[in-house]
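Listing of run.txt; format and content: compact mmCIF, C-alpha atoms.
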# COMPACT_ATOMS: atom_id res chain seq x y z
CA MET B 748 45.74 81.08 45.54
CA ALA B 749 46.74 79.39 48.76
CA PHE B 750 45.29 82.32 50.67
CA LEU B 751 42.02 82.12 48.73
CA ALA B 752 41.80 78.39 49.34
CA ALA B 753 42.38 78.97 53.04
CA VAL B 754 39.64 81.60 53.15
CA VAL B 755 37.23 79.32 51.30
CA SER B 756 37.93 76.38 53.58
CA LEU B 757 37.54 78.61 56.64
CA LEU B 758 34.23 79.89 55.33
CA ALA B 759 33.10 76.37 54.55
CA GLN B 760 33.86 75.35 58.12
CA THR B 761 32.36 78.32 59.91
CA VAL B 762 29.40 79.36 57.73
CA ASP B 763 26.27 77.32 57.31
CA LYS B 764 25.69 76.17 53.75
CA THR B 765 22.37 77.96 53.44
CA THR B 766 23.75 81.36 54.46
CA PHE B 767 24.86 82.40 51.00
CA ALA B 768 22.13 80.55 49.12
CA PRO B 769 19.98 83.67 48.50
CA ILE B 770 23.02 85.57 47.18
CA GLY B 771 23.77 82.71 44.84
CA LYS B 772 20.18 82.59 43.66
CA GLY B 773 20.24 86.31 42.96
CA LEU B 774 23.56 86.07 41.15
CA VAL B 775 22.27 83.29 38.89
CA TYR B 776 19.79 85.52 37.12
CA GLY B 777 22.01 88.59 37.22
CA LEU B 778 24.93 86.81 35.59
CA ALA B 779 22.69 85.02 33.10
CA ALA B 780 21.27 88.37 31.97
CA ILE B 781 24.60 90.04 31.14
CA GLY B 782 25.38 88.20 27.90
CA PRO B 783 21.85 88.26 26.43
CA GLY B 784 21.55 91.92 27.47
CA ILE B 785 24.58 92.83 25.39
CA GLY B 786 23.43 90.56 22.58
CA ILE B 787 19.92 91.98 22.42
CA GLY B 788 21.36 95.49 22.42
CA ILE B 789 23.57 94.66 19.46
CA ILE B 790 20.70 92.95 17.60
CA PHE B 791 18.30 95.88 17.92
CA GLY B 792 21.04 98.46 17.25
CA LYS B 793 22.09 96.72 14.06
CA ALA B 794 18.48 96.31 12.97
CA ILE B 795 17.89 100.04 13.41
CA GLU B 796 21.05 100.76 11.42
CA ALA B 797 19.91 98.41 8.67
CA VAL B 798 16.46 99.98 8.45
CA ALA B 799 17.98 103.45 8.44
CA ARG B 800 20.23 102.51 5.53
CA GLN B 801 17.55 100.68 3.58
CA PRO B 802 14.06 101.55 4.73
CA GLU B 803 12.42 99.37 2.07
CA ALA B 804 13.97 96.25 3.69
CA ARG B 805 12.11 96.93 6.92
CA GLY B 806 9.87 93.85 6.78
CA GLN B 807 12.66 91.33 6.29
CA VAL B 808 14.93 93.04 8.81
CA THR B 809 12.22 93.12 11.46
CA THR B 810 11.46 89.42 11.03
CA MET B 811 15.10 88.44 11.36
CA MET B 812 15.56 90.87 14.24
CA TYR B 813 12.83 89.15 16.24
CA ILE B 814 14.27 85.72 15.52
CA GLY B 815 17.69 86.83 16.76
CA PHE B 816 16.14 88.54 19.73
CA ALA B 817 14.24 85.39 20.68
CA LEU B 818 17.34 83.24 20.47
CA ALA B 819 19.38 85.61 22.65
CA GLU B 820 16.56 86.11 25.13
CA ALA B 821 16.24 82.36 25.71
CA LEU B 822 19.61 82.31 27.46
CA ALA B 823 18.51 84.91 30.00
CA LEU B 824 15.31 82.98 30.60
CA PHE B 825 17.28 79.81 31.32
CA GLY B 826 18.86 81.73 34.18
CA PHE B 827 15.42 82.83 35.33
CA VAL B 828 14.17 79.24 35.34
CA LEU B 829 17.32 78.07 37.11
CA PHE B 830 16.57 80.63 39.82
CA PHE B 831 13.36 78.75 40.63
CA ILE B 832 14.96 75.34 40.32
CA LEU B 833 17.56 76.40 42.92
CA GLY B 834 14.90 77.87 45.17
CA MET P 622 -10.17 141.67 17.77
CA THR P 623 -13.21 140.96 19.83
CA THR P 624 -13.63 137.57 18.21
CA THR P 625 -10.07 136.52 19.06
CA THR P 626 -10.47 137.51 22.69
CA ALA P 627 -13.77 135.70 22.75
CA THR P 628 -12.21 132.51 21.41
CA MET P 629 -9.32 132.87 23.83
CA GLU P 630 -11.70 133.28 26.71
CA THR P 631 -13.61 130.20 25.67
CA ALA P 632 -10.39 128.28 25.17
CA VAL P 633 -8.90 129.04 28.58
CA PRO P 634 -11.61 127.90 31.05
CA PRO P 635 -11.46 124.12 30.20
CA LYS P 636 -7.78 124.13 31.22
CA LYS P 637 -8.68 125.59 34.60
CA LYS P 638 -11.46 123.03 35.02
CA LYS P 639 -9.07 120.10 34.68
CA LEU P 640 -7.70 120.24 38.23
CA PRO P 641 -11.09 119.92 39.98
CA ARG P 642 -11.97 117.10 37.60
CA ILE P 643 -8.78 115.18 38.50
CA LEU P 644 -9.44 115.84 42.19
CA ALA P 645 -12.97 114.54 41.78
CA VAL P 646 -11.71 111.35 40.10
CA VAL P 647 -9.17 110.84 42.91
CA ALA P 648 -11.83 111.48 45.56
CA ILE P 649 -14.23 109.03 43.94
CA SER P 650 -11.53 106.35 43.65
CA VAL P 651 -10.51 106.82 47.27
CA GLY P 652 -14.19 106.62 48.21
CA ILE P 653 -14.56 103.37 46.28
CA VAL P 654 -11.44 102.03 48.00
CA TYR P 655 -12.90 102.87 51.45
CA LEU P 656 -16.22 101.31 50.45
CA VAL P 657 -14.57 98.07 49.26
CA ASP P 658 -12.42 98.08 52.40
CA ALA P 659 -15.50 98.46 54.58
CA ILE P 660 -17.50 95.74 52.79
CA VAL P 661 -14.92 93.11 51.85
CA GLY P 662 -11.85 94.15 53.81
CA PHE P 663 -8.39 93.87 52.36
CA GLY P 664 -5.82 91.20 52.95
CA PRO P 665 -2.72 91.16 55.13
CA LYS P 666 -1.40 94.37 56.70
CA THR P 667 2.24 93.41 56.28
CA PHE P 668 3.86 92.76 52.96
CA GLU P 669 5.15 89.33 52.12
CA ALA P 670 6.29 88.55 48.61
CA PRO P 671 4.08 85.79 47.18
CA THR P 672 5.82 82.48 46.60
CA VAL P 673 5.69 80.53 43.36
CA GLY P 674 3.37 77.99 44.93
CA GLU P 675 0.85 80.64 45.95
CA LEU P 676 0.80 82.22 42.51
CA PHE P 677 0.91 79.21 40.22
CA GLU P 678 -0.53 76.20 42.00
CA PHE P 679 -4.24 75.51 42.00
CA LYS P 680 -6.30 72.96 43.85
CA PRO P 681 -8.33 70.72 41.53
CA ILE P 682 -11.92 71.95 41.28
CA PHE P 683 -13.34 68.60 40.17
CA THR P 684 -12.09 65.35 38.68
CA VAL P 685 -13.08 63.86 35.33
CA GLY P 686 -12.02 60.27 34.74
CA GLY P 687 -8.88 60.49 36.84
CA PHE P 688 -7.85 63.90 35.50
CA ASP P 689 -7.88 66.78 37.94
CA VAL P 690 -9.53 69.84 36.43
CA THR P 691 -8.02 73.06 37.75
CA PHE P 692 -8.68 76.71 37.06
CA PRO P 693 -6.13 77.02 34.19
CA THR P 694 -7.65 73.95 32.51
CA ILE P 695 -11.09 75.50 32.55
CA VAL P 696 -9.73 78.81 31.23
CA MET P 697 -7.81 76.99 28.50
CA PHE P 698 -10.85 75.04 27.30
CA SER P 699 -13.06 78.14 27.37
CA VAL P 700 -10.47 80.07 25.36
CA THR P 701 -10.21 77.26 22.84
CA ALA P 702 -13.99 77.04 22.51
CA LEU P 703 -14.18 80.81 22.12
CA LEU P 704 -11.51 80.73 19.43
CA ILE P 705 -13.30 77.99 17.48
CA LEU P 706 -16.63 79.84 17.78
CA PHE P 707 -15.01 83.07 16.62
CA PHE P 708 -13.47 81.56 13.50
CA VAL P 709 -16.55 79.50 12.65
CA ARG P 710 -18.68 82.61 12.96
CA ALA P 711 -16.21 84.64 10.92
CA PHE P 712 -15.81 82.23 8.02
CA SER P 713 -19.01 80.16 7.93
CA LYS P 714 -20.72 82.60 5.58
CA PRO P 715 -17.89 84.51 3.93
CA THR P 716 -18.82 87.56 1.91
CA LEU P 717 -16.70 89.30 -0.71
CA VAL P 718 -16.73 92.54 1.25
CA PRO P 719 -15.90 91.48 4.80
CA LYS P 720 -17.58 93.07 7.77
CA GLY P 721 -17.85 92.44 11.49
CA THR P 722 -16.07 89.34 12.78
CA GLN P 723 -15.00 88.30 9.28
CA ASN P 724 -13.15 91.59 8.91
CA VAL P 725 -11.22 91.08 12.16
CA ALA P 726 -10.43 87.44 11.41
CA GLU P 727 -9.29 88.25 7.89
CA ALA P 728 -6.96 90.95 9.17
CA GLY P 729 -5.42 88.42 11.58
CA VAL P 730 -5.06 85.69 8.98
CA GLU P 731 -3.58 88.11 6.48
CA PHE P 732 -1.03 89.28 9.06
CA ILE P 733 0.06 85.67 9.66
CA ARG P 734 0.13 84.98 5.92
CA GLU P 735 2.17 88.00 4.87
CA ASN P 736 4.44 88.62 7.86
CA ILE P 737 5.06 85.10 9.11
CA ALA P 738 4.26 82.34 6.61
CA ILE P 739 5.38 83.85 3.32
CA ALA P 740 8.14 85.96 4.87
CA THR P 741 9.90 82.98 6.43
CA ILE P 742 8.86 79.83 4.51
CA GLY P 743 8.47 81.35 1.06
CA PRO P 744 5.66 81.08 -1.49
CA GLU P 745 4.59 77.59 -0.38
CA GLY P 746 4.22 78.97 3.14
CA ALA P 747 0.66 79.85 2.17
CA SER P 748 -0.38 76.24 2.79
CA TRP P 749 0.93 76.51 6.37
CA VAL P 750 -1.25 79.51 7.22
CA PRO P 751 -4.00 77.48 9.01
CA PHE P 752 -1.51 75.77 11.33
CA LEU P 753 0.36 78.98 12.12
CA THR P 754 -2.87 80.93 12.59
CA ALA P 755 -4.12 78.37 15.07
CA ILE P 756 -0.85 78.50 17.03
CA PHE P 757 -0.69 82.29 17.01
CA PHE P 758 -4.24 82.94 18.17
CA TRP P 759 -4.24 80.14 20.72
CA VAL P 760 -1.00 81.35 22.31
CA PHE P 761 -2.06 84.99 22.12
CA LEU P 762 -5.45 84.45 23.76
CA ASN P 763 -4.09 82.16 26.45
CA ASN P 764 -1.36 84.70 27.22
CA PHE P 765 -3.94 87.47 27.18
CA MET P 766 -5.74 85.84 30.12
CA SER P 767 -2.78 87.22 32.11
CA ILE P 768 -4.20 90.73 32.06
CA LEU P 769 -7.90 90.10 31.50
CA PRO P 770 -9.61 91.40 34.65
CA GLY P 771 -11.39 88.59 36.44
CA VAL P 772 -9.13 85.85 35.13
CA GLN P 773 -5.67 87.39 35.61
CA PHE P 774 -3.80 84.15 35.10
CA PRO P 775 -1.71 83.33 32.03
CA VAL P 776 -2.57 79.76 31.10
CA THR P 777 0.78 79.39 29.32
CA SER P 778 2.65 79.96 32.59
CA ARG P 779 1.87 76.35 33.45
CA MET P 780 4.70 74.42 31.83
CA SER P 781 2.51 71.66 30.36
CA TYR P 782 0.83 73.94 27.81
CA PRO P 783 3.96 75.40 26.18
CA VAL P 784 5.60 71.97 26.29
CA THR P 785 2.67 70.41 24.44
CA LEU P 786 2.76 73.17 21.84
CA ALA P 787 6.53 72.88 21.43
CA ILE P 788 6.31 69.10 21.01
CA THR P 789 3.58 69.58 18.39
CA SER P 790 5.74 72.01 16.47
CA TRP P 791 8.81 69.75 16.89
CA VAL P 792 6.94 66.74 15.50
CA VAL P 793 5.57 68.82 12.63
CA PHE P 794 8.88 70.24 11.44
CA ASN P 795 10.72 66.94 11.77
CA VAL P 796 8.01 65.00 9.93
CA VAL P 797 7.89 67.66 7.22
CA GLY P 798 11.67 67.53 6.80
CA ILE P 799 11.76 63.73 6.67
CA ARG P 800 8.87 63.54 4.21
CA LYS P 801 10.35 66.22 1.98
CA GLN P 802 13.99 65.10 1.99
CA GLY P 803 13.99 61.49 3.15
CA PHE P 804 15.18 60.25 6.53
CA PHE P 805 18.94 60.02 5.99
CA LYS P 806 19.17 63.06 3.73
CA TYR P 807 17.27 65.15 6.30
CA PHE P 808 19.69 64.31 9.09
CA LYS P 809 22.66 64.69 6.75
CA ASN P 810 21.47 68.18 5.84
CA ILE P 811 21.04 69.06 9.51
CA MET P 812 24.39 67.70 10.64
CA LEU P 813 26.61 68.58 7.71
CA PRO P 814 25.96 72.13 6.53
CA PRO P 815 27.84 72.88 3.31
CA GLY P 816 31.09 74.84 3.23
CA VAL P 817 32.55 73.57 6.50
CA PRO P 818 36.16 72.28 6.46
CA PRO P 819 36.51 68.52 7.18
CA GLY P 820 38.12 68.78 10.61
CA ILE P 821 35.45 70.98 12.15
CA ASN P 822 32.74 68.95 10.42
CA VAL P 823 32.61 66.29 13.12
CA LEU P 824 32.34 68.78 15.96
CA LEU P 825 29.71 70.83 14.15
CA ALA P 826 27.66 67.74 13.29
CA ILE P 827 27.19 66.94 16.98
CA ILE P 828 26.39 70.54 17.89
CA GLU P 829 23.90 70.93 15.04
CA LEU P 830 22.11 67.69 15.82
CA PHE P 831 21.94 68.60 19.50
CA SER P 832 20.64 72.10 18.79
CA THR P 833 18.02 70.96 16.28
CA VAL P 834 16.64 67.93 18.05
CA ILE P 835 16.96 68.84 21.73
CA VAL P 836 17.56 72.57 22.20
CA ARG P 837 14.85 73.79 19.78
CA PRO P 838 11.79 72.35 21.58
CA ILE P 839 13.25 73.24 25.00
CA THR P 840 13.93 76.88 24.11
CA LEU P 841 10.60 77.17 22.33
CA SER P 842 8.67 76.09 25.43
CA VAL P 843 10.88 77.70 28.09
CA ARG P 844 10.81 81.07 26.34
CA LEU P 845 7.04 81.30 26.40
CA PHE P 846 6.72 79.79 29.87
CA ALA P 847 9.39 81.95 31.54
CA ASN P 848 8.11 85.18 30.00
CA MET P 849 4.60 84.53 31.24
CA VAL P 850 5.79 83.46 34.71
CA ALA P 851 7.93 86.59 35.06
CA GLY P 852 5.10 88.89 33.97
CA HIS P 853 2.58 87.24 36.27
CA MET P 854 4.94 87.38 39.25
CA ILE P 855 5.70 91.08 38.77
CA LEU P 856 2.00 91.90 38.50
CA GLY P 857 1.21 89.69 41.48
CA VAL P 858 3.82 91.34 43.71
CA LEU P 859 2.69 94.84 42.75
CA PHE P 860 -1.03 94.17 43.21
CA ILE P 861 -0.42 92.54 46.58
CA ALA P 862 1.75 95.52 47.53
CA SER P 863 -1.05 97.96 46.64
CA SER P 864 -3.54 95.88 48.59
CA VAL P 865 -1.23 95.99 51.63
CA PHE P 866 -0.92 99.76 51.25
CA ILE P 867 -4.71 100.16 51.31
CA ALA P 868 -5.08 97.87 54.30
CA GLY P 869 -2.63 100.04 56.23
CA ASN P 870 -3.19 103.52 57.65
CA ALA P 871 -4.59 106.68 56.03
CA LEU P 872 -1.22 107.47 54.43
CA GLY P 873 -1.38 104.13 52.68
CA HIS P 874 -4.73 105.03 51.14
CA VAL P 875 -2.91 107.72 49.17
CA GLY P 876 0.38 105.88 48.83
CA PHE P 877 -1.18 102.89 47.15
CA ILE P 878 -1.43 104.97 43.99
CA ALA P 879 2.32 104.39 43.41
CA PRO P 880 2.35 100.57 43.18
CA PHE P 881 -1.15 100.51 41.68
CA GLY P 882 -0.26 102.97 38.94
CA LEU P 883 2.95 101.08 38.29
CA SER P 884 1.07 97.82 37.99
CA ILE P 885 -1.37 99.37 35.50
CA ALA P 886 1.60 100.62 33.47
CA LEU P 887 3.19 97.17 33.67
CA MET P 888 -0.04 95.64 32.39
CA ALA P 889 0.45 97.70 29.24
CA LEU P 890 4.02 96.37 29.01
CA GLU P 891 2.64 92.89 29.62
CA LEU P 892 0.26 93.31 26.67
CA PHE P 893 3.29 94.02 24.48
CA VAL P 894 5.11 90.95 25.84
CA ILE P 895 2.00 88.80 25.28
CA ALA P 896 1.67 89.79 21.64
CA MET P 897 5.40 89.47 21.04
CA GLN P 898 5.69 86.01 22.60
CA ALA P 899 2.79 84.74 20.49
CA PHE P 900 4.47 86.28 17.42
CA ILE P 901 7.88 84.80 18.28
CA PHE P 902 6.49 81.34 18.97
CA THR P 903 4.70 81.35 15.63
CA ILE P 904 7.58 82.81 13.66
CA LEU P 905 10.10 80.35 15.11
CA THR P 906 7.79 77.45 14.25
CA ALA P 907 7.58 78.85 10.72
CA VAL P 908 11.35 79.23 10.55
CA TYR P 909 11.87 75.63 11.65
CA ILE P 910 9.35 74.38 9.08
CA GLY P 911 11.00 76.54 6.45
CA GLY P 912 14.40 75.12 7.39
CA ALA P 913 13.09 71.58 7.06
CA LEU P 914 11.54 72.36 3.65
CA HIS P 915 14.55 74.16 2.19
CA PRO P 916 17.88 72.75 3.40
CA GLU P 917 20.99 74.83 2.82
CA HIS P 918 22.83 73.73 -0.28

Could you render the structure from this file as structure tokens?
Amino acid sequence: MAFLAAVVSLLAQTVDKTTFAPIGKGLVYGLAAIGPGIGIGIIFGKAIEAVARQPEARGQVTTMMYIGFALAEALALFGFVLFFILG
Amino acid sequence: MTTTTATMETAVPPKKKKLPRILAVVAISVGIVYLVDAIVGFGPKTFEAPTVGELFEFKPIFTVGGFDVTFPTIVMFSVTALLILFFVRAFSKPTLVPKGTQNVAEAGVEFIRENIAIATIGPEGASWVPFLTAIFFWVFLNNFMSILPGVQFPVTSRMSYPVTLAITSWVVFNVVGIRKQGFFKYFKNIMLPPGVPPGINVLLAIIELFSTVIVRPITLSVRLFANMVAGHMILGVLFIASSVFIAGNALGHVGFIAPFGLSIALMALELFVIAMQAFIFTILTAVYIGGALHPEH
């Protein structure tokens, strides 16, 4: 930890603050997309399983699938908006 | 025997003709590109990714009573007028057997009624069909301006439009909930869902209130806005890239097919996103109204 702190303080002294700004901006959206990506995958996978088990429930399953998808997707889009706020 | 060979012979030549036809289409498109290049001339010869300001900010065209009227405003009002005209034309003289515009409008309204209103709110959702129909078609058409040649700007990618819509829907579902359940009972039902042990109750009450009153309108507007911004930016970058390719050397005149073809394909994807965002906005509004009408017991 002490070594890490030393490296960070050295970087803070030697490197201009704006040097790593683009990397940070890129990371914001990339990191924000991981969780929703997994979540959306699970939502659609489960919906397909549900429809395969009970094809007559397709309408209800699809509706709920889109609601879940929208809620998960919003998190990724927050990262996308934050990207512009930082830039 | 002779008949089969005859049919085979007639069946084969069109396949061979396809290649010259494709070549002719390519030659004509390249010719058009050269012609446009010679007459108008294409933009910059080096590629620079467009900034947000370039893509989304417009200078006011004229001012009405202190309000600046920009390009998106004009598009939005034309779309709204078009929508009103369409529905007035469709339902002013309804006939039992629908045809023409009435047929199209009825298909749309029935889709909203069956798949959104009744599916999420329940049987009394039928009385919410006009509101949801208006939201769905307004959002869909304004999103659709994103890929309509000549306009190519999604009105909903300006934050004020989704925010206004989200506030409308927020006011509607809160007012509906308060009118149906009473002020204190409505907030009690939001904050204290049944079947939660007493200790966690307090924590959950704060989270639920926060998510219903603050997070819902924000996510509703940001979802629509961010999707449209992302789609418009991708299309903008690709179209500018193809324009730069054409403005370059002779190799670029062929190479521009890659970004141009990709952007056409992405326009198809964009159409899907447009329809889905309109659907999601409408269905979430319906879900919120349904939640305000039927609290969990």

Polymer residues at most 9 Å from Ala711 in chain P, all atoms listed in the file, same-chain spacing of 5 or more positions, as a ChimeraX atom specification:
/P:706,721-727

Residues near range 766-776 of chain B, cut-off 7 Å, only C-alpha atoms, skip fewer than 6 positions along chain, as number ranges by chain:
B: 826-827, 830, 833

For Ala847 in chain P, list every protein, DNA or RNA residue within 12 Å, evaluated using only C-alpha atoms, and leave out those in the same chain fewer than 3 positions away; present the list as an MDAnalysis selection string.
(chainID B and resid 820:831) or (chainID P and resid 764 775 777:780 783:784 839:844 850:854 894:895 898)

Could you please select, counting all atoms listed in the file, the residues of chain P within 12 Å of chain B and state them as a PyMOL selection string?
chain P and resi 672-674+735-742+778+780+832+836-851+894+897-909

Can you tell me how far CA of Ala787 in chain P sits from CA of Ile799 in chain P, in Å to one decimal?
18.1 Å

Can you pull out the residues contacting Glu796 in chain B? Cut-off 12 Å, using all atoms listed in the file, and skip same-chain residues under 5 positions away; I want them as a tab-separated table (two decimals) with C-alpha atoms, keeping the file's coordinate frame.
chain	number	residue	atom	x	y	z
B	789	ILE	CA	23.57	94.66	19.46
B	790	ILE	CA	20.70	92.95	17.60
B	791	PHE	CA	18.30	95.88	17.92
B	801	GLN	CA	17.55	100.68	3.58
B	802	PRO	CA	14.06	101.55	4.73
B	804	ALA	CA	13.97	96.25	3.69
B	805	ARG	CA	12.11	96.93	6.92
B	808	VAL	CA	14.93	93.04	8.81
B	809	THR	CA	12.22	93.12	11.46
B	812	MET	CA	15.56	90.87	14.24

Quick one: pull the distance between CA of Pro671 in chain P and CA of Ile861 in chain P, Å, one decimal.
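Atom-to-atom, CA of Pro671 in chain P to CA of Ile861 in chain P, that is 8.1 Å.
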
Using all atoms of range 750-765 of chain P listed in the file and a margin of 8 Å per side, can you give the axis-aligned box centre and edge lengths in Å to one decimal, as lines of an AutoDock Vina configuration file?
center_x = -2.5
center_y = 81.6
center_z = 17.2
size_x = 21.8
size_y = 27.7
size_z = 36.0

Which value, in Å to one decimal, gives the distance between CA of Val796 in chain P and CA of Gly743 in chain P?
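Here the two named atoms are 18.6 Å from each other.
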